[in-house]
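Data from query35.cif: mmCIF, C-alpha atoms
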```cif
data_structure
loop_
_atom_site.label_atom_id
_atom_site.label_comp_id
_atom_site.auth_asym_id
_atom_site.auth_seq_id
_atom_site.Cartn_x
_atom_site.Cartn_y
_atom_site.Cartn_z
CA MET A 1 160.57 166.30 147.02
CA ALA A 2 159.85 162.74 148.02
CA PRO A 3 162.82 160.87 149.32
CA THR A 4 164.33 158.39 146.91
CA ASP A 5 166.64 155.44 147.27
CA GLU A 6 169.83 154.75 145.39
CA THR A 7 167.94 153.42 142.32
CA GLY A 8 166.12 156.71 141.91
CA GLN A 9 162.69 155.29 142.80
CA ALA A 10 160.49 156.88 145.35
CA ALA A 11 160.78 155.45 148.79
CA ARG A 12 157.83 153.47 150.05
CA HIS A 13 156.06 154.91 153.04
CA PRO A 14 155.27 152.48 155.77
CA THR A 15 151.63 151.59 156.05
CA THR A 16 149.71 153.15 158.83
CA PRO A 17 148.26 150.67 161.30
CA GLY A 18 144.51 150.24 160.73
CA ALA A 19 144.57 151.71 157.20
CA PRO A 20 143.68 149.54 154.18
CA PRO A 21 146.64 148.41 152.13
CA PRO A 22 147.17 150.24 148.87
CA ALA A 23 145.51 148.61 145.85
CA GLY A 24 148.01 146.75 143.72
CA PRO A 25 148.06 146.67 139.94
CA PRO A 26 145.18 144.68 138.26
CA THR A 27 146.06 141.05 137.68
CA ALA A 28 145.70 139.69 134.16
CA PRO A 29 143.51 136.59 133.64
CA ILE A 30 145.35 133.33 133.55
CA SER A 31 145.47 131.99 130.02
CA GLY A 32 148.30 129.56 130.19
CA PRO A 33 148.26 125.78 130.18
CA GLY A 34 147.20 125.68 133.78
CA ALA A 35 144.02 127.76 133.24
CA ARG A 36 140.74 126.22 134.45
CA MET A 37 137.57 126.12 132.22
CA PRO A 38 134.29 127.59 133.49
CA ARG A 39 132.13 125.29 135.52
CA TRP A 40 129.10 125.63 133.15
CA LEU A 41 131.01 124.59 130.02
CA PRO A 42 131.10 120.77 130.65
CA ARG A 43 127.41 120.71 131.43
CA ALA A 44 126.61 122.74 128.29
CA MET A 45 128.67 120.37 126.14
CA VAL A 46 126.96 117.30 127.63
CA LEU A 47 123.52 118.91 127.10
CA ALA A 48 124.33 119.75 123.46
CA LEU A 49 125.54 116.22 122.78
CA ALA A 50 122.46 114.77 124.46
CA LEU A 51 120.12 116.97 122.38
CA TYR A 52 121.96 116.01 119.18
CA ALA A 53 121.71 112.32 120.08
CA VAL A 54 117.97 112.66 120.80
CA PHE A 55 117.45 114.44 117.47
CA GLN A 56 119.33 111.77 115.55
CA LEU A 57 117.42 109.01 117.35
CA GLY A 58 114.08 110.71 116.67
CA SER A 59 114.95 111.23 113.00
CA TRP A 60 115.96 107.59 112.62
CA ALA A 61 112.79 106.37 114.37
CA PHE A 62 110.60 108.65 112.23
CA HIS A 63 112.12 107.35 108.98
CA GLN A 64 111.74 103.78 110.20
CA LEU A 65 108.09 104.30 111.19
CA ILE A 66 106.98 106.49 108.28
CA GLY A 67 105.24 103.52 106.65
CA LEU A 68 103.32 102.73 109.82
CA LEU A 69 102.34 106.38 110.28
CA ILE A 70 100.96 106.54 106.73
CA ASN A 71 98.97 103.36 107.33
CA VAL A 72 97.54 104.83 110.53
CA LEU A 73 96.59 108.01 108.66
CA ILE A 74 94.79 106.03 105.96
CA ALA A 75 93.03 103.95 108.62
CA PHE A 76 91.90 107.10 110.43
CA PHE A 77 90.29 108.53 107.29
CA LEU A 78 88.64 105.17 106.54
CA ALA A 79 87.25 105.16 110.07
CA LEU A 80 85.89 108.67 109.53
CA ALA A 81 84.29 107.51 106.27
CA VAL A 82 82.41 104.58 107.86
CA GLU A 83 81.55 106.49 111.06
CA PRO A 84 78.09 107.66 109.83
CA ALA A 85 77.02 104.10 108.93
CA VAL A 86 78.34 102.68 112.20
CA SER A 87 76.68 105.43 114.24
CA TRP A 88 73.41 104.86 112.38
CA MET A 89 73.41 101.17 113.30
CA ALA A 90 74.52 101.94 116.87
CA ALA A 91 71.57 104.30 117.29
CA ARG A 92 69.25 101.40 116.40
CA GLY A 93 70.60 99.03 119.02
CA VAL A 94 73.46 97.36 117.14
CA ARG A 95 76.75 97.21 118.99
CA ARG A 96 79.48 99.34 117.45
CA GLY A 97 81.82 96.38 117.08
CA LEU A 98 79.23 94.32 115.22
CA GLY A 99 78.15 97.29 113.10
CA THR A 100 81.73 98.03 112.12
CA PHE A 101 82.27 94.38 111.24
CA LEU A 102 79.16 94.35 109.02
CA VAL A 103 80.24 97.52 107.20
CA PHE A 104 83.74 96.20 106.56
CA LEU A 105 82.36 92.82 105.51
CA GLY A 106 80.13 94.48 102.91
CA VAL A 107 83.02 96.54 101.57
CA LEU A 108 85.24 93.45 101.45
CA ILE A 109 82.64 91.38 99.57
CA ALA A 110 82.07 94.17 97.03
CA ALA A 111 85.82 94.65 96.49
CA ALA A 112 86.46 90.92 96.14
CA GLY A 113 83.64 90.53 93.65
CA PHE A 114 84.86 93.43 91.58
CA VAL A 115 88.45 92.19 91.55
CA THR A 116 87.28 88.69 90.60
CA LEU A 117 85.15 89.94 87.71
CA LEU A 118 87.90 92.26 86.53
CA GLY A 119 90.50 89.50 86.71
CA SER A 120 88.32 87.06 84.75
CA MET A 121 87.68 89.71 82.13
CA LEU A 122 91.36 90.53 81.74
CA ALA A 123 92.28 86.85 81.63
CA GLY A 124 89.71 86.19 78.91
CA GLN A 125 90.89 89.15 76.87
CA ILE A 126 94.54 88.11 77.21
CA VAL A 127 93.69 84.59 76.02
CA LYS A 128 91.77 86.01 73.09
CA ILE A 129 94.62 88.33 72.14
CA VAL A 130 97.12 85.47 72.30
CA GLU A 131 94.90 83.26 70.15
CA ASP A 132 94.32 85.99 67.57
CA PHE A 133 97.91 87.25 67.61
CA PRO A 134 98.97 85.22 64.49
CA ASP A 135 96.08 86.72 62.51
CA TYR A 136 97.02 90.25 63.70
CA LEU A 137 100.64 89.60 62.78
CA ASP A 138 99.69 88.30 59.32
CA SER A 139 97.59 91.38 58.64
CA VAL A 140 100.43 93.68 59.68
CA ILE A 141 102.95 91.74 57.54
CA ASN A 142 100.64 91.86 54.51
CA TRP A 143 100.18 95.61 54.97
CA ILE A 144 103.96 96.16 55.16
CA ASN A 145 104.64 93.93 52.11
CA THR A 146 101.96 95.72 50.10
CA HIS A 147 103.04 99.29 50.87
CA PHE A 148 106.83 98.85 51.11
CA HIS A 149 107.28 96.03 48.55
CA THR A 150 109.02 93.70 51.00
CA GLU A 151 108.89 89.91 51.33
CA LEU A 152 108.48 89.40 55.06
CA ARG A 153 107.15 86.10 56.40
CA ARG A 154 105.67 85.32 59.79
CA VAL A 155 107.85 82.23 60.23
CA ASP A 156 111.04 84.22 59.74
CA ILE A 157 109.92 86.83 62.26
CA GLN A 158 109.00 84.22 64.86
CA GLU A 159 112.32 82.38 64.47
CA GLY A 160 114.29 85.62 64.70
CA LEU A 161 112.35 86.60 67.82
CA LEU A 162 112.90 83.24 69.50
CA ARG A 163 116.64 83.28 68.78
CA SER A 164 117.18 86.91 69.80
CA ASP A 165 119.30 87.85 72.78
CA TRP A 166 116.65 90.31 73.91
CA LEU A 167 114.11 87.54 74.56
CA ARG A 168 116.69 85.42 76.38
CA ASN A 169 117.68 88.32 78.64
CA TYR A 170 114.05 89.19 79.27
CA VAL A 171 113.25 85.62 80.36
CA GLN A 172 116.24 85.58 82.70
CA ASN A 173 115.33 88.92 84.26
CA SER A 174 111.73 87.82 84.65
CA ALA A 175 112.82 84.63 86.41
CA THR A 176 114.99 86.55 88.85
CA GLY A 177 112.26 89.13 89.46
CA VAL A 178 109.62 86.60 90.51
CA LEU A 179 110.85 86.67 94.12
CA ASP A 180 110.74 90.47 94.18
CA VAL A 181 107.17 90.49 92.87
CA SER A 182 106.16 87.88 95.45
CA ALA A 183 107.72 89.93 98.25
CA GLN A 184 105.88 93.04 97.06
CA VAL A 185 102.58 91.17 96.93
CA LEU A 186 103.05 89.86 100.47
CA GLY A 187 104.05 93.32 101.66
CA GLY A 188 100.93 94.80 100.07
CA LEU A 189 98.70 92.21 101.73
CA PHE A 190 100.30 92.90 105.11
CA GLN A 191 99.80 96.64 104.58
CA LEU A 192 96.11 96.12 103.75
CA LEU A 193 95.71 93.98 106.87
CA THR A 194 97.35 96.65 109.01
CA ILE A 195 95.13 99.40 107.60
CA GLY A 196 92.03 97.24 108.07
CA LEU A 197 92.79 96.46 111.71
CA PHE A 198 93.56 100.07 112.62
CA SER A 199 90.48 101.39 110.84
CA PHE A 200 88.31 98.75 112.53
CA TYR A 201 89.56 99.74 115.99
CA PHE A 202 89.21 103.47 115.23
CA ALA A 203 85.61 103.03 114.07
CA ALA A 204 84.52 100.49 116.70
CA ASP A 205 86.09 102.41 119.60
CA GLY A 206 85.36 105.88 118.28
CA PRO A 207 83.61 107.21 121.42
CA ARG A 208 86.33 105.77 123.67
CA LEU A 209 89.05 107.30 121.49
CA ARG A 210 87.37 110.71 121.59
CA ARG A 211 86.96 110.43 125.36
CA THR A 212 90.64 109.57 125.75
CA VAL A 213 91.73 112.53 123.64
CA CYS A 214 89.42 114.95 125.45
CA SER A 215 90.64 113.77 128.87
CA LEU A 216 94.03 115.27 128.04
CA LEU A 217 92.61 118.75 127.31
CA PRO A 218 90.88 121.46 129.34
CA PRO A 219 87.09 121.79 128.93
CA ALA A 220 87.36 124.76 126.56
CA ARG A 221 89.60 122.80 124.19
CA GLN A 222 87.46 119.67 124.40
CA ALA A 223 84.55 121.38 122.64
CA GLU A 224 86.83 122.53 119.82
CA VAL A 225 88.28 119.05 119.34
CA LEU A 226 84.83 117.46 119.24
CA ARG A 227 83.66 120.08 116.77
CA ALA A 228 86.65 119.47 114.50
CA TRP A 229 86.07 115.72 114.76
CA GLU A 230 82.43 116.10 113.75
CA ILE A 231 83.36 118.31 110.78
CA ALA A 232 85.94 115.76 109.64
CA VAL A 233 83.36 112.95 109.83
CA ASN A 234 80.78 114.95 107.86
CA LYS A 235 83.22 116.07 105.17
CA THR A 236 84.86 112.68 104.71
CA GLY A 237 81.53 110.87 104.61
CA GLY A 238 80.09 113.48 102.29
CA TYR A 239 83.07 113.20 99.99
CA LEU A 240 82.68 109.43 99.68
CA TYR A 241 78.90 109.78 99.31
CA SER A 242 79.17 112.28 96.46
CA ARG A 243 81.92 110.27 94.78
CA GLY A 244 79.83 107.13 95.06
CA LEU A 245 76.86 108.82 93.38
CA MET A 246 79.04 110.16 90.57
CA ALA A 247 80.61 106.71 90.14
CA LEU A 248 77.11 105.21 89.83
CA VAL A 249 76.04 107.76 87.21
CA SER A 250 79.29 107.39 85.29
CA GLY A 251 79.08 103.61 85.35
CA LEU A 252 75.50 103.61 84.06
CA ALA A 253 76.30 106.05 81.25
CA HIS A 254 79.32 104.06 80.05
CA TYR A 255 77.40 100.80 80.40
CA VAL A 256 74.75 102.07 77.98
CA LEU A 257 77.43 103.06 75.47
CA LEU A 258 79.33 99.78 75.71
CA GLU A 259 76.16 97.73 75.40
CA PHE A 260 75.14 99.75 72.35
CA LEU A 261 78.52 99.07 70.74
CA GLU A 262 78.29 95.40 71.80
CA VAL A 263 81.62 95.52 73.60
CA PRO A 264 82.19 92.39 75.72
CA TYR A 265 82.26 92.60 79.52
CA ALA A 266 80.26 95.83 79.49
CA PRO A 267 79.08 95.61 83.17
CA VAL A 268 82.59 95.07 84.52
CA LEU A 269 84.03 97.82 82.34
CA ALA A 270 81.30 100.21 83.49
CA VAL A 271 82.09 99.50 87.15
CA TRP A 272 85.80 99.98 86.39
CA VAL A 273 85.18 103.36 84.75
CA GLY A 274 82.92 104.56 87.57
CA LEU A 275 85.24 103.64 90.44
CA VAL A 276 88.60 104.54 88.91
CA SER A 277 87.45 107.87 87.44
CA GLN A 278 86.01 109.04 90.76
CA PHE A 279 88.38 107.69 93.41
CA ILE A 280 91.71 108.30 91.65
CA PRO A 281 92.09 112.09 91.39
CA THR A 282 93.43 113.99 88.38
CA ILE A 283 94.47 111.05 86.20
CA GLY A 284 91.65 108.67 87.10
CA THR A 285 89.57 109.62 84.07
CA TYR A 286 92.34 108.71 81.63
CA LEU A 287 93.14 105.46 83.42
CA ALA A 288 89.45 104.54 83.50
CA GLY A 289 88.91 105.21 79.80
CA ALA A 290 92.03 103.37 78.61
CA LEU A 291 90.75 99.86 79.40
CA PRO A 292 87.35 100.20 77.63
CA MET A 293 89.13 101.71 74.63
CA LEU A 294 91.52 98.75 74.49
CA ILE A 295 88.71 96.19 74.71
CA ALA A 296 86.66 98.10 72.11
CA PHE A 297 89.68 98.19 69.81
CA THR A 298 89.75 94.38 69.76
CA VAL A 299 86.16 94.46 68.44
CA ASP A 300 86.51 97.33 65.97
CA PRO A 301 89.11 100.13 65.86
CA TRP A 302 86.36 102.68 65.21
CA TYR A 303 84.65 101.66 68.44
CA ALA A 304 87.72 102.77 70.39
CA LEU A 305 87.39 106.23 68.81
CA TRP A 306 83.71 106.42 69.76
CA VAL A 307 84.56 105.44 73.35
CA LEU A 308 87.23 108.16 73.50
CA ILE A 309 84.81 110.81 72.22
CA PHE A 310 82.17 109.74 74.74
CA VAL A 311 84.66 109.78 77.64
CA VAL A 312 85.75 113.34 76.77
CA ILE A 313 82.16 114.62 76.41
CA TYR A 314 80.98 112.95 79.61
CA GLN A 315 83.94 114.35 81.52
CA GLN A 316 82.93 117.88 80.56
CA PHE A 317 79.32 117.17 81.58
CA GLU A 318 80.50 115.82 84.91
CA ASN A 319 82.86 118.73 85.62
CA TYR A 320 80.42 121.54 84.81
CA VAL A 321 76.96 120.08 85.54
CA LEU A 322 76.99 116.98 87.72
CA GLN A 323 79.86 117.55 90.14
CA PRO A 324 78.91 121.12 91.26
CA LYS A 325 75.39 119.97 92.18
CA LEU A 326 76.45 116.85 94.07
CA THR A 327 79.37 118.38 95.96
CA SER A 328 77.83 121.77 96.76
CA ARG A 329 76.70 120.60 100.22
CA THR A 330 79.46 118.11 101.01
CA VAL A 331 82.92 119.22 99.87
CA ASP A 332 82.25 122.63 98.39
CA ILE A 333 85.81 123.73 97.56
CA HIS A 334 87.07 125.61 94.54
CA PRO A 335 88.31 123.39 91.67
CA ALA A 336 91.69 125.13 91.71
CA VAL A 337 92.02 124.50 95.45
CA ALA A 338 91.05 120.86 94.94
CA PHE A 339 93.62 120.44 92.17
CA GLY A 340 96.33 122.13 94.23
CA SER A 341 95.52 119.99 97.26
CA VAL A 342 95.80 116.82 95.16
CA VAL A 343 99.17 117.94 93.77
CA ALA A 344 100.44 118.81 97.25
CA GLY A 345 99.15 115.55 98.72
CA THR A 346 100.81 113.57 95.94
CA ALA A 347 104.11 115.36 96.52
CA LEU A 348 103.96 114.65 100.26
CA LEU A 349 102.49 111.15 100.51
CA GLY A 350 102.19 109.87 96.96
CA ALA A 351 98.96 108.12 95.95
CA VAL A 352 97.76 108.10 99.56
CA GLY A 353 98.07 111.88 99.76
CA ALA A 354 96.13 112.24 96.51
CA LEU A 355 93.26 110.19 97.94
CA ILE A 356 92.93 111.97 101.27
CA ALA A 357 93.87 115.48 100.09
CA ILE A 358 90.38 116.67 99.12
CA PRO A 359 88.52 115.56 102.30
CA ALA A 360 91.39 116.88 104.45
CA VAL A 361 91.30 120.30 102.76
CA ALA A 362 87.49 120.38 102.93
CA THR A 363 87.65 119.65 106.66
CA LEU A 364 90.24 122.36 107.21
CA GLN A 365 88.23 124.85 105.17
CA ALA A 366 85.04 124.13 107.10
CA PHE A 367 86.85 124.31 110.44
CA LEU A 368 88.49 127.63 109.62
CA GLY A 369 85.24 128.99 108.20
CA ALA A 370 83.71 128.81 111.65
CA TYR A 371 86.36 131.15 113.08
CA VAL A 372 87.32 133.45 110.22
CA ARG A 373 85.22 136.58 110.25
CA ARG A 374 83.76 137.60 106.88
CA TYR A 375 82.42 140.96 105.72
CA ASP A 376 79.95 142.06 103.08
CA VAL A 377 81.62 142.87 99.78
CA THR A 378 80.97 146.25 98.18
CA ASP A 379 79.21 146.42 94.81
CA ASP A 380 82.32 147.47 92.97
CA PRO A 381 82.36 146.76 89.21
CA ARG A 382 85.77 145.16 89.58
CA VAL A 383 84.34 142.68 92.08
CA LEU A 384 81.30 141.94 89.90
CA GLY A 385 83.52 141.24 86.90
CA HIS A 386 82.61 144.41 84.96
CA ARG A 387 84.90 147.12 83.74
CA GLY A 388 85.28 150.13 85.91
CA PRO A 389 84.76 153.74 84.84
CA GLY A 390 87.16 154.65 82.09
CA GLY A 391 88.26 151.05 81.63
CA GLY A 392 87.89 151.01 77.86
CA GLY A 393 84.39 152.42 77.39
CA PRO A 394 81.17 150.48 76.87
CA GLY A 395 81.17 147.01 75.48
CA VAL A 396 80.61 146.01 71.89
CA LEU A 397 76.94 145.12 72.40
CA MET A 398 76.24 148.44 74.10
CA ARG A 399 77.87 150.39 71.27
CA VAL A 400 75.86 148.49 68.66
CA ARG A 401 72.66 149.11 70.59
CA HIS A 402 73.38 152.85 70.89
CA ARG A 403 74.10 153.14 67.17
CA TRP A 404 70.88 151.28 66.32
CA VAL A 405 68.82 153.61 68.51
CA ARG A 406 70.48 156.72 66.97
CA ARG A 407 69.63 155.65 63.38
CA PRO A 408 67.18 157.97 61.60
CA GLY A 409 63.69 156.56 61.99
CA ALA A 410 64.80 153.71 64.18
CA GLY A 411 62.69 154.84 67.09
CA ARG A 412 59.69 156.08 65.06
CA PRO A 413 56.57 153.97 64.89
CA ARG A 414 55.63 152.37 61.58
CA GLY A 415 52.84 153.69 59.39
CA GLY A 416 50.40 150.95 60.36
CA ASP A 417 50.92 151.61 64.03
CA THR A 418 50.16 155.32 64.13
CA GLY A 419 46.48 155.01 64.87
CA ALA A 420 45.09 155.17 68.32
CA SER A 421 44.24 151.87 69.87
#
```
Output the file's structure in the form of structure tokens.
Amino acid sequence: MAPTDETGQAARHPTTPGAPPPAGPPTAPISGPGARMPRWLPRAMVLALALYAVFQLGSWAFHQLIGLLINVLIAFFLALAVEPAVSWMAARGVRRGLGTFLVFLGVLIAAAGFVTLLGSMLAGQIVKIVEDFPDYLDSVINWINTHFHTELRRVDIQEGLLRSDWLRNYVQNSATGVLDVSAQVLGGLFQLLTIGLFSFYFAADGPRLRRTVCSLLPPARQAEVLRAWEIAVNKTGGYLYSRGLMALVSGLAHYVLLEFLEVPYAPVLAVWVGLVSQFIPTIGTYLAGALPMLIAFTVDPWYALWVLIFVVIYQQFENYVLQPKLTSRTVDIHPAVAFGSVVAGTALLGAVGALIAIPAVATLQAFLGAYVRRYDVTDDPRVLGHRGPGGGGPGVLMRVRHRWVRRPGAGRPRGGDTGAS
């Protein structure tokens, strides 16, 4: 037995010189107040805080610059739209800056003339409506008195309207809202100026911009970027070209109708219908037809109905006959895809997204079509739109034809046809 001391524990043997000391019991990690944190933890906390600060700063800057980014996007698509005309003039010896200026000057003159004519037309119609308003009000009062046996008078209605609290509140709100309207008008003019300047620089310095972008990429990627750029120019220009042709056809058709009905301001209304119906997606047709209907209603209420019927019929002709032929070589996308792209663009960027959605989707479709591999489709009845075997039997026409052939004497020649020829 091992020797023990008075406490009953085994006596410790003296350590042999040169031998390693016996291993003591494992020490527990220090977890008290005096424990030291790992060296990597402060640096990780500083890095996390720095990343969070950069994210917050980037988010704030993005929300502050979202308006500028949208303006730059609009300017880029406008530059793509005028690129074919500018390149055409540059190929004939005209400097790109001068060619871009001439293109924008033509667009500006056309837009200013249209807005001037439209404003004069609306002003004239408003003056006419105000002058004829007492006669309209008398006719309405006479109709009400005749059918409902009342004794209304125009003077009483005018005095009650002038003394009403609603009119007083409306005048006060209108007076206070004049500054807001003025600020919005100035903001819109500044936005148009910003878009015009950016689009001018993008179009005038197009080759330099492409060279700058390609200098940041390897040679293999440069060819892909230039190809995508060319597709975007062709699709955007083709979209505006096809829309311009359809606007011309639509304007001429509505001009003939309005002249036949002797509606005033027929040329301006025809231009309005052509431009608004083609360059405002989805709801442009209804907005374009509302103004001619209103002007025609002031001439004769039945004329407004005829205008509505013509707008509906022409819209069907445009959707199923004119548009497929004009857009088959420019922006050949499925109508459902076009409608979905307009909805998505409106949800993302509002009216701007609705305008640029179709050329953007057409560009993406053409770019992907060059890289997506396609295969020949089998002649399956389900692909061709026919019923497959056992899918309900032959159609109605086939069953009628079979029954006609199986009739007694149906396939026999008539008596006069039995002779040899």
query = If the PyMOL selection byres ((chain A and resi 345) around 12) is run on the structure shown, which residues does it catch, given as a list of chain:residue names?
reply =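 Against this file, the PyMOL selection byres ((chain A and resi 345) around 12) returns the residues A:Pro281, A:Thr282, A:Val337, A:Ala338, A:Phe339, A:Gly340, A:Ser341, A:Val342, A:Val343, A:Ala344, A:Thr346, A:Ala347, A:Leu348, A:Leu349, A:Gly350, A:Ala351, A:Val352, A:Gly353, A:Ala354, A:Leu355, A:Ile356, A:Ala357, A:Ile358, A:Pro359, A:Ala360, A:Val361.
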key: Which of A:Ala336, A:Met121, A:Val249, A:Leu193 sits closest to Val263 (chain A) [using only C-alpha atoms]   = A:Met121
task = Excluding Leu326 (chain A) and residues on its chain fewer than 6 positions from it, collect all residues at most 10 Å away from it, counting all atoms listed in the file, and give them as number ranges by chain.
result = A: 238-239, 241-243, 245-246, 332
message = I'd like the neighbourhood of region 105-119 of chain A as a PyMOL selection string, where a residue qualifies if any of its atoms comes within 7 Å (using all atoms listed in the file), though same-chain residues fewer than 4 positions away should be ignored.
response = chain A and resi 101+123+268
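The shortest atom-to-atom distance to Pro292 (chain A), with all atoms listed in the file taken into account, belongs to A:Leu269 out of A:Leu269, A:Leu305, A:Leu122, A:Leu322.
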inquiry  = Nearest residue to Ser277 (chain A) out of A:Ala304, A:Leu364, A:Thr298, A:Asn319, using only C-alpha atoms?
reply    =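 Using only C-alpha atoms, the shortest distance to Ser277 (chain A) belongs to A:Asn319.
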ask   = Which is closer to Val103 (chain A) than all the others in A:Phe279, A:Trp60, A:Tyr286, A:Phe200, using only C-alpha atoms?
value =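 Once distances to Val103 (chain A) are computed over only C-alpha atoms, the minimum belongs to A:Phe200.
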